[in-house]
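*Asks:* Below is the structure I would like to discuss, written out as structure tokens.
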Protein chains: 2
Amino acid sequence: MRGVKPAARPLTRVAKRREKTRRALLDVALGLFYEKGIYWTKIEDITERADIGKGTFYQYFDTKEQLLAELLREGLELLLARMKAAVSSANGAGLVPVVVESRLAFFLDYPAYLLLFHQVRGLLQLQTAVSKELRDIYNIHLDQLAQLLKPALQGRGKGGTSARDLAVALAAFTSGLLTYHLVLGSVDEVKHRRAAIADQIEQGLSALI
Amino acid sequence: MRGVKPAARPLTRVAKRREKTRRALLDVALGLFYEKGIYWTKIEDITERADIGKGTFYQYFDTKEQLLAELLREGLELLLARMKAAVSSANGAGLVPVVVESRLAFFLDYPAYLLLFHQVRGLLQLQTAVSKELRDIYNIHLDQLAQLLKPALQGRGKGGTSARDLAVALAAFTSGLLTYHLVLGSVDEVKHRRAAIADQIEQGLSALI
């Protein structure tokens, strides 16, 4: 029977428990990163709140940065999945508003991810050595976003805007505006101003298309 | 002679020395914040590099956050002064491009301030208590920026954009785009793409006016 792919077997009890622990570490870390930030959160803080021995952490992640990379990847995948699901029912001219709306909705549902992404972008600007991995994860996301936005451009937009330029502008306008509004008000206040924020992003992008 | 304001006297030697030490602490801190970030930089790191006893730090600042607030205020004042000087030779339609260009130039000249402001906005999103002071400094800057941009709007812009909305959008688009470009490339690469970035910000804002 060589060459025949075996049917996916259900997870063993051990594998299930391992997956549960890994999930707990990621979830607890995301919560702590939102409370205290990625810089001030120590591995001990994560294992203590997850009620796991510190040694156990290293069976799952080599470093805090590796866990951070995993959360970044998961978060960006979740965000992309939301946008993809939203555009499946959109066409041509409706594409950009739908993408903007779903991106905004994601960040208002998950402010912890908004802050995580913001802090990772700060980390990547530091002059101390940071692994290339985080930068690569971001690059992949922006390429995927460019793919998603491509149908909104007939070839190139105004001033030669490429799909990748449009993706960067969408990401930058959305997180920039949300971050400024959150600095000046609470998540609830921002939710109230949501339609106005979506409008500004859409109008800003429409000038590039 | 009561009621008559005395002529400004030259600083005494002690006052001069104090001002020099204070300046050294601020400059060294800005450099360290750019290298290691505001979270990982300890007061000891600052005093050690400034070659000052740790106790002396507290003769100038009560906490690291107070020093941070001072740098934020100075940086935003410097940024505003640059924009004000630039608009003094601009009128009506030329106002927004001139403000965009001078804001962009400031951040490319001082990437340490771009990162400092970025990290402060991250700090203000954390769920741990942060002093109201940092938020207030930001608010004042955005009000001043709104004052500066007011002549670009005849009353209200598209969709009811106020001068304050335009100020927030300018700040958000500029730092958002610069931050994304810096995450994906070096300061030198961003300087090369400067004209394209200025274009995107201007076009994005023109859609709101």
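Following the order of the structure tokens, first chain is A, next is B, and so on, with residues numbered from 1 inside each chain and ligands from 1 in the order they appear.
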Sort by chain and increasing residue number a table of all residues of chain A within 6 Å of chain B, each with its closest pair of atoms and their distance in Å to one decimal, counting only C-alpha atoms, and write it as a tab-separated table.

*Replies:*
residue	atom	partner	partner_atom	distance
A:Tyr34	CA	B:Leu126	CA	6.0
A:Glu35	CA	B:Gln127	CA	4.5
A:Leu124	CA	B:Val183	CA	5.7
A:Leu126	CA	B:Glu35	CA	5.4
A:Gln127	CA	B:Glu35	CA	4.5
A:Thr128	CA	B:Glu35	CA	5.8
A:Ala172	CA	B:Gly176	CA	4.3
A:Phe173	CA	B:Phe173	CA	5.3
A:Gly176	CA	B:Ala172	CA	4.3
A:Leu177	CA	B:Ala172	CA	5.1
A:Val183	CA	B:Leu124	CA	5.7
A:Gln203	CA	B:Ala207	CA	5.6
A:Gly204	CA	B:Gly204	CA	3.7
A:Ala207	CA	B:Gln203	CA	5.6

*Asks:* Grab the residues selected above and save them as a PDB file, in the first residue's frame with N, CA and C atoms.

*Replies:*
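As a result, again_32.pdb now contains:
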ATOM      1  N   TYR A  34      -2.281  42.338  25.384  1.00  0.00           N
ATOM      2  CA  TYR A  34      -3.245  43.441  25.311  1.00  0.00           C
ATOM      3  C   TYR A  34      -3.243  44.248  26.617  1.00  0.00           C
ATOM      4  N   GLU A  35      -3.017  43.565  27.722  1.00  0.00           N
ATOM      5  CA  GLU A  35      -3.003  44.255  29.031  1.00  0.00           C
ATOM      6  C   GLU A  35      -1.705  45.000  29.267  1.00  0.00           C
ATOM      7  N   LEU A 124       9.565  46.048  14.865  1.00  0.00           N
ATOM      8  CA  LEU A 124      10.323  45.931  13.610  1.00  0.00           C
ATOM      9  C   LEU A 124      11.039  47.228  13.228  1.00  0.00           C
ATOM     10  N   LEU A 126      12.666  48.962  15.628  1.00  0.00           N
ATOM     11  CA  LEU A 126      13.770  49.104  16.584  1.00  0.00           C
ATOM     12  C   LEU A 126      15.095  48.772  15.925  1.00  0.00           C
ATOM     13  N   GLN A 127      16.147  49.386  16.467  1.00  0.00           N
ATOM     14  CA  GLN A 127      17.468  49.175  15.897  1.00  0.00           C
ATOM     15  C   GLN A 127      18.124  47.895  16.429  1.00  0.00           C
ATOM     16  N   THR A 128      17.499  47.263  17.423  1.00  0.00           N
ATOM     17  CA  THR A 128      18.036  45.990  17.912  1.00  0.00           C
ATOM     18  C   THR A 128      17.608  44.885  16.953  1.00  0.00           C
ATOM     19  N   ALA A 172      -2.454  50.690   6.120  1.00  0.00           N
ATOM     20  CA  ALA A 172      -1.932  51.860   6.837  1.00  0.00           C
ATOM     21  C   ALA A 172      -3.051  52.810   7.249  1.00  0.00           C
ATOM     22  N   PHE A 173      -3.990  53.085   6.349  1.00  0.00           N
ATOM     23  CA  PHE A 173      -5.080  54.012   6.666  1.00  0.00           C
ATOM     24  C   PHE A 173      -5.943  53.427   7.781  1.00  0.00           C
ATOM     25  N   GLY A 176      -3.878  53.157  11.095  1.00  0.00           N
ATOM     26  CA  GLY A 176      -3.563  54.522  11.520  1.00  0.00           C
ATOM     27  C   GLY A 176      -4.773  55.208  12.127  1.00  0.00           C
ATOM     28  N   LEU A 177      -5.882  55.211  11.397  1.00  0.00           N
ATOM     29  CA  LEU A 177      -7.078  55.897  11.903  1.00  0.00           C
ATOM     30  C   LEU A 177      -7.598  55.250  13.182  1.00  0.00           C
ATOM     31  N   VAL A 183      -6.523  56.101  20.753  1.00  0.00           N
ATOM     32  CA  VAL A 183      -5.685  56.870  21.670  1.00  0.00           C
ATOM     33  C   VAL A 183      -6.523  57.987  22.297  1.00  0.00           C
ATOM     34  N   GLN A 203     -12.898  56.782   1.108  1.00  0.00           N
ATOM     35  CA  GLN A 203     -12.657  57.958   0.281  1.00  0.00           C
ATOM     36  C   GLN A 203     -11.164  58.116  -0.001  1.00  0.00           C
ATOM     37  N   GLY A 204     -10.364  57.898   1.045  1.00  0.00           N
ATOM     38  CA  GLY A 204      -8.921  58.004   0.873  1.00  0.00           C
ATOM     39  C   GLY A 204      -8.417  57.029  -0.176  1.00  0.00           C
ATOM     40  N   ALA A 207      -9.344  57.682  -3.967  1.00  0.00           N
ATOM     41  CA  ALA A 207      -8.504  58.658  -4.670  1.00  0.00           C
ATOM     42  C   ALA A 207      -7.285  58.000  -5.316  1.00  0.00           C
TER      43      ALA A 207
END

*Asks:* I'd like the contact shell of Pro151 (chain B) - 12 Å cut-off, only C-alpha atoms, skipping same-chain residues fewer than 5 positions apart - returned as a PyMOL selection string.

*Replies:* chain B and resi 87+90-96+99+145-146+156-157+162-163+166+209

*Asks:* Residues within 8 Å of region 57-64 of chain A, please, as a list in words. Count only C-alpha atoms; anything in the same chain fewer than 6 positions from it doesn't count.

*Replies:* Arg22, Leu25, Lys42, Ile43 and Thr47 of chain A

*Asks:* Per DSSP on the backbone, filter region 15-113 of chain A down to the residues in alpha helix (DSSP H) and report them as a ChimeraX atom specification.

*Replies:* /A:15-40,43-50,54-57,64-87,95-109,111-113

*Asks:* Could you state the separation of CA of Met83 (chain A) and CA of Ser102 (chain A) in Å, given to one decimal place?

*Replies:* 5.5 Å
